[in-house]
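Chemist: model-v8.txt (compact mmCIF, C-alpha atoms) pasted underneath:
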# COMPACT_ATOMS: atom_id res chain seq x y z
CA MET A 1 22.49 -100.45 120.54
CA ILE A 2 22.14 -96.75 119.69
CA GLY A 3 19.15 -97.62 117.54
CA ILE A 4 17.38 -99.26 120.47
CA GLU A 5 18.41 -96.33 122.61
CA ALA A 6 16.68 -93.96 120.18
CA ALA A 7 13.37 -95.73 120.68
CA PHE A 8 13.88 -95.73 124.41
CA LEU A 9 14.72 -92.02 124.44
CA ILE A 10 11.54 -91.08 122.61
CA GLY A 11 9.62 -93.07 125.19
CA GLY A 12 11.36 -91.06 127.89
CA LEU A 13 10.67 -87.85 126.00
CA ILE A 14 6.95 -88.18 126.71
CA VAL A 15 7.42 -87.93 130.46
CA THR A 16 10.23 -85.39 130.24
CA GLU A 17 8.27 -82.98 128.08
CA THR A 18 5.28 -83.22 130.39
CA VAL A 19 7.36 -82.64 133.52
CA PHE A 20 9.26 -79.65 132.18
CA ASN A 21 6.33 -78.30 130.23
CA ILE A 22 8.20 -78.31 126.92
CA PRO A 23 5.81 -77.89 123.99
CA GLY A 24 7.24 -80.76 121.93
CA VAL A 25 5.92 -83.60 119.82
CA ALA A 26 5.51 -85.95 122.76
CA ARG A 27 3.49 -83.50 124.82
CA PHE A 28 1.39 -82.77 121.77
CA LEU A 29 0.71 -86.51 121.61
CA VAL A 30 -0.36 -86.65 125.25
CA GLU A 31 -2.62 -83.62 124.84
CA ALA A 32 -4.17 -85.15 121.73
CA LEU A 33 -4.78 -88.39 123.62
CA ARG A 34 -6.45 -86.50 126.46
CA TRP A 35 -8.81 -84.78 124.05
CA ARG A 36 -9.37 -88.03 122.12
CA ASP A 37 -8.19 -86.30 118.96
CA TYR A 38 -7.46 -89.49 117.03
CA PRO A 39 -6.30 -88.08 113.66
CA ILE A 40 -3.53 -86.17 115.43
CA VAL A 41 -2.66 -89.24 117.50
CA GLN A 42 -2.39 -91.36 114.35
CA ASN A 43 -0.10 -88.90 112.66
CA LEU A 44 2.13 -88.38 115.66
CA VAL A 45 2.49 -92.12 116.24
CA MET A 46 3.36 -92.52 112.57
CA LEU A 47 5.93 -89.74 112.86
CA ILE A 48 7.54 -91.31 115.92
CA ALA A 49 7.62 -94.71 114.23
CA VAL A 50 9.32 -93.19 111.19
CA VAL A 51 11.90 -91.44 113.38
CA VAL A 52 12.69 -94.70 115.17
CA VAL A 53 12.92 -96.69 111.94
CA VAL A 54 15.17 -94.07 110.32
CA ALA A 55 17.38 -94.02 113.43
CA ASN A 56 17.66 -97.81 113.36
CA PHE A 57 18.42 -97.82 109.66
CA THR A 58 21.08 -95.11 110.01
CA VAL A 59 22.73 -97.06 112.80
CA ASP A 60 22.75 -100.21 110.68
CA MET A 61 24.34 -98.31 107.81
CA LEU A 62 26.88 -96.78 110.16
CA TYR A 63 27.85 -100.24 111.38
CA ALA A 64 28.77 -101.18 107.83
CA ALA A 65 30.64 -97.91 107.33
CA ILE A 66 32.63 -98.17 110.54
CA ASP A 67 33.25 -101.90 110.79
CA PRO A 68 34.72 -103.33 107.57
CA ARG A 69 33.81 -106.87 108.61
CA ILE A 70 30.09 -106.09 108.30
CA ARG A 71 28.88 -105.91 104.75
CA TYR A 72 25.32 -106.06 103.49
CA THR A 73 25.19 -108.07 100.32
CA ASP A 74 21.99 -109.23 98.82
CA MET B 1 20.43 -114.24 121.66
CA ALA B 2 20.66 -117.62 120.01
CA VAL B 3 21.96 -119.27 123.13
CA ILE B 4 21.09 -122.84 123.75
CA ASN B 5 20.54 -123.35 127.36
CA TYR B 6 20.88 -126.98 127.66
CA ASP B 7 23.94 -127.52 129.71
CA SER B 8 23.07 -124.56 131.85
CA GLU B 9 19.87 -126.33 132.61
CA LEU B 10 21.63 -129.48 133.60
CA LYS B 11 23.94 -127.53 135.87
CA THR B 12 21.02 -125.82 137.52
CA ARG B 13 19.41 -129.12 138.21
CA ARG B 14 22.49 -130.48 139.81
CA ARG B 15 22.81 -127.57 142.22
CA PRO B 16 19.32 -126.27 142.86
CA PHE B 17 20.22 -123.90 145.67
CA ASP B 18 22.59 -121.65 143.86
CA ALA B 19 20.67 -118.75 145.34
CA TRP B 20 23.39 -118.40 147.95
CA LEU B 21 25.71 -117.28 145.21
CA ALA B 22 23.47 -114.35 144.44
CA PRO B 23 23.20 -112.31 147.61
CA ALA B 24 22.01 -109.26 145.69
CA GLY B 25 18.73 -111.01 145.07
CA VAL B 26 17.92 -111.17 148.74
CA PRO B 27 17.29 -107.44 149.27
CA GLY B 28 15.42 -107.50 145.98
CA ALA B 29 13.08 -110.18 147.19
CA ALA B 30 12.89 -108.53 150.58
CA LEU B 31 11.77 -105.25 149.05
CA HIS B 32 8.94 -107.09 147.44
CA ALA B 33 8.08 -109.02 150.54
CA ARG B 34 7.84 -105.76 152.46
CA HIS B 35 5.23 -104.39 150.14
CA ARG B 36 2.91 -107.19 150.96
CA ARG B 37 3.35 -107.20 154.69
CA PRO B 38 1.02 -104.69 156.26
CA ARG B 39 -2.34 -106.32 156.75
CA HIS B 40 -3.82 -104.76 159.81
CA HIS B 41 -7.42 -104.25 158.98
CA GLY B 42 -9.71 -106.85 157.57
CA ASP B 43 -9.67 -107.77 153.96
CA VAL B 44 -6.81 -106.33 151.97
CA ARG B 45 -6.62 -108.87 149.21
CA LEU B 46 -6.39 -107.63 145.64
CA GLY B 47 -9.68 -105.99 144.84
CA GLY B 48 -10.76 -106.36 148.46
CA ASP B 49 -10.90 -102.80 149.69
CA LEU B 50 -9.35 -101.01 146.77
CA GLY B 51 -12.45 -98.88 146.67
CA ARG B 52 -11.35 -97.28 149.92
CA PRO B 53 -7.67 -96.68 149.45
CA ASP B 54 -7.81 -93.67 151.72
CA LEU B 55 -8.13 -95.92 154.75
CA PRO B 56 -4.96 -95.80 156.77
CA LEU B 57 -3.26 -98.86 158.05
CA ARG B 58 -3.91 -98.80 161.75
CA PRO B 59 -6.68 -97.17 163.74
CA ALA B 60 -3.99 -95.24 165.59
CA GLN B 61 -2.98 -93.55 162.37
CA ARG B 62 -6.50 -92.85 161.35
CA ARG B 63 -6.99 -90.27 164.05
CA SER B 64 -4.56 -87.72 162.68
CA ARG B 65 -6.25 -87.76 159.31
CA ALA B 66 -8.29 -84.72 160.23
CA SER B 67 -5.85 -82.11 159.00
CA ALA B 68 -5.23 -82.23 155.27
CA GLY B 69 -1.71 -81.29 154.27
CA ALA B 70 -0.31 -82.17 157.65
CA ARG B 71 3.41 -82.57 157.95
CA PRO B 72 4.90 -85.96 158.64
CA THR B 73 4.31 -86.50 162.32
CA ARG B 74 6.86 -87.90 164.64
CA GLY B 75 4.65 -90.46 166.30
CA THR B 76 3.91 -92.61 163.28
CA GLY B 77 6.83 -91.51 161.20
CA TRP B 78 5.17 -91.88 157.84
CA GLU B 79 2.06 -89.81 158.16
CA ARG B 80 1.56 -87.62 155.12
CA ILE B 81 -1.72 -86.35 153.91
CA SER B 82 -3.16 -84.99 150.70
CA PHE B 83 -6.87 -84.31 150.28
CA GLY B 84 -7.37 -86.09 153.56
CA ARG B 85 -5.79 -89.20 152.15
CA ASP B 86 -2.95 -90.78 153.97
CA VAL B 87 -0.01 -90.94 151.59
CA TRP B 88 1.60 -93.88 153.34
CA SER B 89 -1.59 -95.92 153.02
CA ARG B 90 -1.87 -94.94 149.40
CA ILE B 91 1.71 -95.95 148.77
CA ILE B 92 1.05 -99.37 150.26
CA HIS B 93 -2.16 -99.86 148.35
CA GLY B 94 -0.49 -98.45 145.24
CA ALA B 95 2.17 -101.14 145.59
CA ARG B 96 -0.54 -103.68 145.02
CA ILE B 97 -1.70 -101.93 141.85
CA SER B 98 1.86 -101.52 140.62
CA LEU B 99 2.74 -105.14 141.23
CA ALA B 100 -0.57 -106.37 139.82
CA VAL B 101 0.00 -104.41 136.64
CA GLY B 102 3.69 -105.34 136.54
CA ILE B 103 3.24 -109.05 137.09
CA GLY B 104 -0.03 -109.26 135.18
CA SER B 105 1.19 -107.56 132.05
CA THR B 106 4.55 -109.34 132.11
CA ALA B 107 2.76 -112.68 132.42
CA LEU B 108 0.26 -111.84 129.69
CA GLY B 109 2.88 -110.38 127.34
CA SER B 110 5.26 -113.28 127.89
CA SER B 111 2.60 -115.93 127.33
CA ILE B 112 1.48 -114.42 124.05
CA GLY B 113 5.11 -113.80 123.11
CA VAL B 114 5.95 -117.44 123.76
CA ILE B 115 3.09 -118.66 121.61
CA VAL B 116 4.01 -116.31 118.78
CA GLY B 117 7.74 -116.96 119.06
CA LEU B 118 7.35 -120.73 119.26
CA ALA B 119 4.94 -120.88 116.34
CA SER B 120 7.07 -118.57 114.27
CA GLY B 121 10.36 -120.31 115.05
CA TYR B 122 9.10 -123.85 114.81
CA LEU B 123 6.74 -123.65 111.87
CA SER B 124 8.87 -121.15 109.89
CA GLY B 125 7.68 -120.57 106.33
CA TRP B 126 4.91 -118.03 105.81
CA VAL B 127 3.81 -118.15 109.47
CA ASP B 128 7.26 -116.94 110.44
CA LEU B 129 7.21 -114.27 107.77
CA VAL B 130 3.84 -112.86 108.83
CA PHE B 131 4.64 -112.91 112.55
CA GLN B 132 8.03 -111.36 112.02
CA ARG B 133 6.64 -108.48 109.97
CA ILE B 134 4.01 -107.79 112.63
CA THR B 135 6.77 -107.88 115.24
CA ASP B 136 8.80 -105.43 113.16
CA ILE B 137 5.89 -103.03 113.09
CA LEU B 138 5.36 -103.28 116.84
CA GLN B 139 9.05 -102.77 117.50
CA ALA B 140 9.13 -99.57 115.47
CA LEU B 141 7.16 -97.91 118.26
CA PRO B 142 8.71 -97.13 121.62
CA LEU B 143 7.24 -99.04 124.56
CA LEU B 144 5.65 -96.05 126.22
CA VAL B 145 4.17 -94.62 123.02
CA LEU B 146 2.52 -97.93 122.20
CA ALA B 147 1.26 -98.37 125.75
CA LEU B 148 -0.12 -94.81 125.74
CA VAL B 149 -1.97 -95.28 122.48
CA MET B 150 -3.29 -98.66 123.61
CA THR B 151 -4.67 -97.28 126.89
CA ALA B 152 -6.24 -94.40 124.99
CA ALA B 153 -7.85 -96.84 122.57
CA LEU B 154 -9.05 -99.29 125.23
CA GLY B 155 -10.06 -96.77 127.87
CA PRO B 156 -8.56 -96.46 131.34
CA SER B 157 -9.23 -99.37 133.71
CA LEU B 158 -7.05 -101.87 135.52
CA PRO B 159 -7.41 -104.79 133.05
CA ASN B 160 -7.04 -102.45 130.09
CA VAL B 161 -3.82 -100.98 131.47
CA ILE B 162 -2.48 -104.50 131.93
CA ILE B 163 -3.36 -105.36 128.32
CA ALA B 164 -1.95 -102.06 127.04
CA ILE B 165 1.40 -102.64 128.72
CA ALA B 166 1.46 -106.32 127.75
CA ILE B 167 1.21 -105.64 124.01
CA PRO B 168 4.56 -103.85 123.62
CA LEU B 169 6.23 -106.74 125.49
CA ILE B 170 5.11 -109.35 122.97
CA PRO B 171 7.67 -108.62 120.21
CA THR B 172 10.68 -108.69 122.56
CA VAL B 173 9.69 -112.03 124.05
CA ALA B 174 8.69 -113.44 120.67
CA ARG B 175 12.09 -112.54 119.18
CA VAL B 176 14.04 -114.25 121.95
CA ILE B 177 11.88 -117.37 121.90
CA ARG B 178 12.05 -117.53 118.11
CA ALA B 179 15.84 -117.30 118.08
CA ASN B 180 16.06 -120.04 120.70
CA THR B 181 13.57 -122.22 118.88
CA LEU B 182 15.45 -121.85 115.60
CA ALA B 183 18.65 -123.02 117.27
CA LEU B 184 16.98 -125.85 119.20
CA ARG B 185 15.09 -127.16 116.19
CA GLU B 186 18.28 -128.33 114.52
CA LEU B 187 19.49 -130.35 117.49
CA PRO B 188 19.61 -134.14 117.57
CA PHE B 189 17.00 -134.60 120.28
CA VAL B 190 14.36 -132.95 118.13
CA GLU B 191 15.29 -135.23 115.28
CA ALA B 192 15.09 -138.20 117.66
CA ALA B 193 11.64 -137.14 118.78
CA LYS B 194 10.59 -136.80 115.17
CA SER B 195 11.96 -140.22 114.29
CA ILE B 196 9.91 -141.98 116.95
CA GLY B 197 6.83 -140.39 115.41
CA MET B 198 5.94 -137.56 117.77
CA SER B 199 3.57 -134.95 116.46
CA GLU B 200 4.93 -131.51 115.67
CA THR B 201 2.85 -129.85 118.39
CA ARG B 202 4.12 -132.30 120.97
CA ILE B 203 7.74 -131.75 119.99
CA ALA B 204 7.28 -127.99 120.13
CA LEU B 205 5.56 -128.04 123.50
CA ARG B 206 7.39 -130.85 125.27
CA HIS B 207 10.88 -130.63 123.85
CA VAL B 208 11.54 -127.17 122.50
CA LEU B 209 9.52 -125.06 124.94
CA PRO B 210 11.08 -126.38 128.19
CA ASN B 211 14.52 -125.59 126.82
CA THR B 212 13.60 -121.96 126.20
CA LEU B 213 12.18 -121.48 129.69
CA ALA B 214 15.38 -120.30 131.39
CA PRO B 215 16.01 -117.34 129.05
CA LEU B 216 12.28 -116.61 129.12
CA ILE B 217 12.17 -116.34 132.91
CA VAL B 218 15.25 -114.13 132.88
CA LEU B 219 13.74 -111.89 130.25
CA ALA B 220 10.39 -111.71 132.03
CA THR B 221 11.89 -110.62 135.34
CA ALA B 222 14.02 -108.08 133.50
CA GLN B 223 10.83 -106.70 131.93
CA LEU B 224 9.01 -106.57 135.27
CA GLY B 225 10.84 -103.42 136.32
CA SER B 226 10.12 -101.66 133.08
CA THR B 227 6.42 -102.59 133.20
CA ILE B 228 6.14 -101.10 136.69
CA LEU B 229 7.85 -97.97 135.40
CA THR B 230 5.57 -97.85 132.36
CA GLU B 231 2.50 -98.13 134.56
CA ALA B 232 3.79 -95.25 136.69
CA SER B 233 4.44 -93.18 133.57
CA LEU B 234 0.98 -93.91 132.19
CA SER B 235 -0.68 -92.91 135.44
CA PHE B 236 1.57 -89.88 135.62
CA LEU B 237 0.32 -88.76 132.24
CA GLY B 238 -3.24 -89.25 133.45
CA LEU B 239 -4.00 -92.24 131.24
CA GLY B 240 -3.39 -95.04 133.69
CA ILE B 241 -5.47 -96.49 136.47
CA PRO B 242 -8.65 -94.41 137.07
CA GLU B 243 -9.16 -92.23 140.12
CA PRO B 244 -10.38 -94.17 143.17
CA TYR B 245 -7.46 -96.56 142.86
CA PRO B 246 -4.18 -95.33 144.29
CA SER B 247 -1.32 -95.31 141.84
CA TRP B 248 2.20 -94.09 142.46
CA GLY B 249 2.47 -92.39 139.11
CA ARG B 250 -0.68 -90.35 139.60
CA MET B 251 0.25 -89.50 143.17
CA LEU B 252 3.32 -87.89 141.65
CA SER B 253 1.52 -85.89 138.99
CA GLU B 254 -1.48 -84.70 140.98
CA SER B 255 0.55 -83.48 143.92
CA ALA B 256 3.65 -82.46 141.99
CA ALA B 257 1.86 -79.73 140.10
CA GLU B 258 0.54 -77.82 143.08
CA TYR B 259 2.24 -78.81 146.28
CA VAL B 260 5.90 -79.50 145.60
CA ARG B 261 7.01 -76.32 147.35
CA VAL B 262 4.78 -76.52 150.41
CA ALA B 263 4.66 -80.27 150.90
CA PRO B 264 7.55 -81.97 149.11
CA TRP B 265 6.94 -85.27 150.88
CA LEU B 266 3.82 -85.74 148.77
CA VAL B 267 6.09 -86.09 145.77
CA ILE B 268 9.19 -87.60 147.31
CA PHE B 269 7.67 -90.70 148.81
CA PRO B 270 5.72 -92.02 145.80
CA GLY B 271 8.87 -91.40 143.80
CA VAL B 272 10.94 -93.32 146.31
CA ALA B 273 8.37 -96.12 146.23
CA ILE B 274 8.61 -96.39 142.43
CA SER B 275 12.39 -96.39 142.54
CA LEU B 276 12.51 -99.01 145.27
CA ALA B 277 10.06 -101.26 143.47
CA VAL B 278 11.96 -101.08 140.19
CA PHE B 279 15.30 -101.44 141.96
CA GLY B 280 14.06 -104.46 143.89
CA THR B 281 12.69 -106.07 140.76
CA ASN B 282 15.93 -105.50 138.90
CA LEU B 283 17.99 -107.04 141.70
CA PHE B 284 15.59 -109.97 141.77
CA GLY B 285 15.91 -110.37 138.00
CA ASP B 286 19.70 -110.21 138.17
CA ALA B 287 19.80 -112.84 140.88
CA LEU B 288 17.45 -115.06 138.91
CA ARG B 289 19.65 -114.69 135.86
CA ASP B 290 22.68 -115.73 137.87
CA ILE B 291 20.85 -118.83 139.05
CA LEU B 292 19.29 -119.85 135.75
CA ASP B 293 22.08 -118.85 133.41
CA PRO B 294 25.40 -119.79 135.01
CA ARG B 295 27.35 -118.88 131.91
CA GLN B 296 26.79 -115.18 132.48
CA ARG B 297 27.97 -115.30 136.05
CA GLY B 298 30.76 -112.78 136.44
Give the structure from the file, written as structure tokens.
Modeler:
Amino acid sequence: MIGIEAAFLIGGLIVTETVFNIPGVARFLVEALRWRDYPIVQNLVMLIAVVVVVANFTVDMLYAAIDPRIRYTD
Amino acid sequence: MAVINYDSELKTRRRPFDAWLAPAGVPGAALHARHRRPRHHGDVRLGGDLGRPDLPLRPAQRRSRASAGARPTRGTGWERISFGRDVWSRIIHGARISLAVGIGSTALGSSIGVIVGLASGYLSGWVDLVFQRITDILQALPLLVLALVMTAALGPSLPNVIIAIAIPLIPTVARVIRANTLALRELPFVEAAKSIGMSETRIALRHVLPNTLAPLIVLATAQLGSTILTEASLSFLGLGIPEPYPSWGRMLSESAAEYVRVAPWLVIFPGVAISLAVFGTNLFGDALRDILDPRQRG
């Protein structure tokens, strides 16, 4: 649930950073899109994807750490 | 989400007018009905006079359009003006855009999601593997980021925005349909269909698909609100529907920057419109879920 929330929060970040004029990653992305600066867009999208994947992975690992019934065996 | 909706379906068929049990859906549907009501001048069908969204609703309202930035007047109640455009008219016309994008992209995303999910769940094997990996990749990106990048890649126009918002919806729908298909595939009626010599395509389309429809409809209506919100966000960021078309999101951003202090109603009312639309859609979705999925009824 928290993992999904992380993805959702980054989506919200885009609007939030624009509204409050915070010079963050998401606003950088929007600016890059406006100027059609595709290399920057590619990298930022990659960065966001990595953050989301890492967040999801961490949450999955935490599940196993917290709940003894869940165990990943393979 | 591997819920088999068989007996729920039977129950629904037995009592088709369970809508009475879901009174919350009524204001939801009403909110939507209200958006479509005002049709005072000529042709206001989708695409009809979208080129002139600055036209107010009634001739009586048109008169006071002279003064840009006028306060809400008492006579008409909802008269607000920016750049000589009547905000109330733009909100009404923007509702059409919002709903067109919302319904259009939900429909498009769900249809593709169903095809992908059904193929992937029913065929399994390498088809499943390939589709699931693609889905994984799509799901690694947040909805808005993907929609943003897609609009930027396709260019801003109404159909492109619909496509851009539809793409992030595909993986969610595909996952649900796949889970349902996997569960349904093992059931006796599929085996029976197979034993009388039905083709795989026919089994998938005529036996498995109808049984996944209830969760699909629930999911689609739940997504409707978020697609409307995504469209507003896209327009807010300046990457949504292009200029002559009225869009709630852009009404927020273009007036918010300069006029919040002097004319707050320019910002408040598009915002209220977005909230009402999403709220109405969510209520509608909840009611629909109560009707189609009796097991979740609280």
Chemist: For chain A, which of B:Asn282, B:Asn180, B:Ser195, B:Ser226 is the closest residue, counting all atoms listed in the file?
Modeler: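 Of the candidates, the smallest distance to chain A is held by B:Ser226.
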Chemist: Distance cut-off 12 Å, counting all atoms listed in the file - which residues of chain A neighbour chain B? Return them as number ranges by chain.
Modeler: A: 3-21, 25-27, 29-38, 40-57
Chemist: With a distance cut-off of 8 Å and all atoms listed in the file, select the neighbouring residues of B:Thr106, excluding the residue or stretch itself and same-chain residues fewer than 6 positions from it, and output the selection as a short mmCIF file (atom, residue, chain, number, x, y, z; two decimals) with C-alpha atoms, in the frame of the given file.
Modeler:
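Output saved as out_14.cif:
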data_model
loop_
_atom_site.label_atom_id
_atom_site.label_comp_id
_atom_site.auth_asym_id
_atom_site.auth_seq_id
_atom_site.Cartn_x
_atom_site.Cartn_y
_atom_site.Cartn_z
CA ALA B 166 1.46 -106.32 127.75
CA LEU B 169 6.23 -106.74 125.49
CA ALA B 220 10.39 -111.71 132.03
CA GLN B 223 10.83 -106.70 131.93
CA LEU B 224 9.01 -106.57 135.27
CA THR B 227 6.42 -102.59 133.20
#
Chemist: Given only C-alpha atoms as the basis, pick out the residue of B:Leu184, B:Ile167, B:Ile91, B:Leu129 nearest to B:Gly113.
Modeler: B:Ile167
Chemist: Hey, can you check how far atom CA of B:Gly271 sits from atom CA of B:Leu158?
Modeler: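 Interatomic distance, atom CA of B:Gly271 to atom CA of B:Leu158: 20.8 Å.
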Chemist: Rounded to one decimal place, report the atom CA of B:Val267-atom CA of B:Leu252 distance in Å.
Modeler: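 Rounded to one decimal, the two atoms are 5.3 Å apart.
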Chemist: Tell me which residues come within 12 Å of (11.6, -123.2, 115.7), as a PyMOL selection string, counting only C-alpha atoms in the file's coordinates.
Modeler: chain B and resi 2+114-125+127-128+174-187+190+200-201+203-205+207-209+211-212
Chemist: For atom CA of B:Ile170 and atom CA of B:Gly109, determine how far apart the two atoms are, in Å to one decimal place.
Modeler: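 Separation of atom CA of B:Ile170 and atom CA of B:Gly109: 5.0 Å.
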Chemist: Tell me which protein, DNA and RNA residues are within 10 Å of B:Glu243, counting all atoms listed in the file, leaving out same-chain ones fewer than 5 positions away, and put them as a list in words.
Modeler: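 Skipping anything fewer than 5 positions along the chain leaves Gly51, Pro156, Ser157, Ser235, Gly238 and Arg250 of chain B.
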Chemist: Can you write stretch 47-65 of chain A from the block above with N, CA, C and O atoms, as an mmCIF file, in the first residue's frame?
Modeler:
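Listed below is the output, part-v7.cif:
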data_model
loop_
_atom_site.group_PDB
_atom_site.id
_atom_site.type_symbol
_atom_site.label_atom_id
_atom_site.label_comp_id
_atom_site.auth_asym_id
_atom_site.auth_seq_id
_atom_site.Cartn_x
_atom_site.Cartn_y
_atom_site.Cartn_z
ATOM 1 N N LEU A 47 14.770 8.539 -13.519
ATOM 2 C CA LEU A 47 15.016 8.748 -12.091
ATOM 3 C C LEU A 47 13.762 8.470 -11.264
ATOM 4 O O LEU A 47 13.790 7.746 -10.267
ATOM 5 N N ILE A 48 12.629 9.022 -11.737
ATOM 6 C CA ILE A 48 11.377 8.830 -11.008
ATOM 7 C C ILE A 48 11.008 7.353 -10.971
ATOM 8 O O ILE A 48 10.614 6.818 -9.928
ATOM 9 N N ALA A 49 11.165 6.682 -12.127
ATOM 10 C CA ALA A 49 10.856 5.252 -12.181
ATOM 11 C C ALA A 49 11.711 4.485 -11.184
ATOM 12 O O ALA A 49 11.211 3.615 -10.460
ATOM 13 N N VAL A 50 13.005 4.828 -11.113
ATOM 14 C CA VAL A 50 13.893 4.134 -10.181
ATOM 15 C C VAL A 50 13.445 4.370 -8.745
ATOM 16 O O VAL A 50 13.377 3.434 -7.940
ATOM 17 N N VAL A 51 13.089 5.621 -8.426
ATOM 18 C CA VAL A 51 12.631 5.926 -7.068
ATOM 19 C C VAL A 51 11.410 5.085 -6.716
ATOM 20 O O VAL A 51 11.344 4.468 -5.640
ATOM 21 N N VAL A 52 10.454 5.014 -7.661
ATOM 22 C CA VAL A 52 9.234 4.253 -7.394
ATOM 23 C C VAL A 52 9.549 2.772 -7.211
ATOM 24 O O VAL A 52 9.062 2.126 -6.277
ATOM 25 N N VAL A 53 10.398 2.241 -8.089
ATOM 26 C CA VAL A 53 10.732 0.815 -7.999
ATOM 27 C C VAL A 53 11.441 0.517 -6.678
ATOM 28 O O VAL A 53 11.120 -0.454 -5.990
ATOM 29 N N VAL A 54 12.394 1.382 -6.302
ATOM 30 C CA VAL A 54 13.110 1.176 -5.041
ATOM 31 C C VAL A 54 12.139 1.242 -3.866
ATOM 32 O O VAL A 54 12.192 0.411 -2.948
ATOM 33 N N ALA A 55 11.210 2.211 -3.909
ATOM 34 C CA ALA A 55 10.229 2.327 -2.832
ATOM 35 C C ALA A 55 9.399 1.052 -2.727
ATOM 36 O O ALA A 55 9.214 0.501 -1.637
ATOM 37 N N ASN A 56 8.927 0.555 -3.889
ATOM 38 C CA ASN A 56 8.144 -0.671 -3.890
ATOM 39 C C ASN A 56 8.927 -1.839 -3.324
ATOM 40 O O ASN A 56 8.416 -2.630 -2.524
ATOM 41 N N PHE A 57 10.171 -1.935 -3.761
ATOM 42 C CA PHE A 57 11.026 -3.038 -3.325
ATOM 43 C C PHE A 57 11.255 -2.966 -1.818
ATOM 44 O O PHE A 57 11.128 -3.977 -1.115
ATOM 45 N N THR A 58 11.565 -1.770 -1.319
ATOM 46 C CA THR A 58 11.781 -1.599 0.118
ATOM 47 C C THR A 58 10.554 -2.026 0.905
ATOM 48 O O THR A 58 10.661 -2.716 1.921
ATOM 49 N N VAL A 59 9.385 -1.610 0.400
ATOM 50 C CA VAL A 59 8.151 -1.971 1.100
ATOM 51 C C VAL A 59 7.969 -3.484 1.119
ATOM 52 O O VAL A 59 7.629 -4.073 2.152
ATOM 53 N N ASP A 60 8.250 -4.135 -0.017
ATOM 54 C CA ASP A 60 8.131 -5.590 -0.067
ATOM 55 C C ASP A 60 9.061 -6.248 0.942
ATOM 56 O O ASP A 60 8.690 -7.202 1.630
ATOM 57 N N MET A 61 10.290 -5.733 1.015
ATOM 58 C CA MET A 61 11.253 -6.290 1.967
ATOM 59 C C MET A 61 10.776 -6.056 3.398
ATOM 60 O O MET A 61 10.908 -6.914 4.259
ATOM 61 N N LEU A 62 10.225 -4.873 3.635
ATOM 62 C CA LEU A 62 9.745 -4.554 4.978
ATOM 63 C C LEU A 62 8.613 -5.474 5.397
ATOM 64 O O LEU A 62 8.527 -5.882 6.556
ATOM 65 N N TYR A 63 7.746 -5.822 4.432
ATOM 66 C CA TYR A 63 6.677 -6.764 4.728
ATOM 67 C C TYR A 63 7.254 -8.029 5.332
ATOM 68 O O TYR A 63 6.803 -8.502 6.381
ATOM 69 N N ALA A 64 8.279 -8.562 4.655
ATOM 70 C CA ALA A 64 8.892 -9.809 5.119
ATOM 71 C C ALA A 64 9.534 -9.604 6.484
ATOM 72 O O ALA A 64 9.501 -10.493 7.344
ATOM 73 N N ALA A 65 10.126 -8.447 6.707
ATOM 74 C CA ALA A 65 10.790 -8.195 7.987
ATOM 75 C C ALA A 65 9.777 -8.068 9.113
ATOM 76 O O ALA A 65 9.995 -8.561 10.221
#
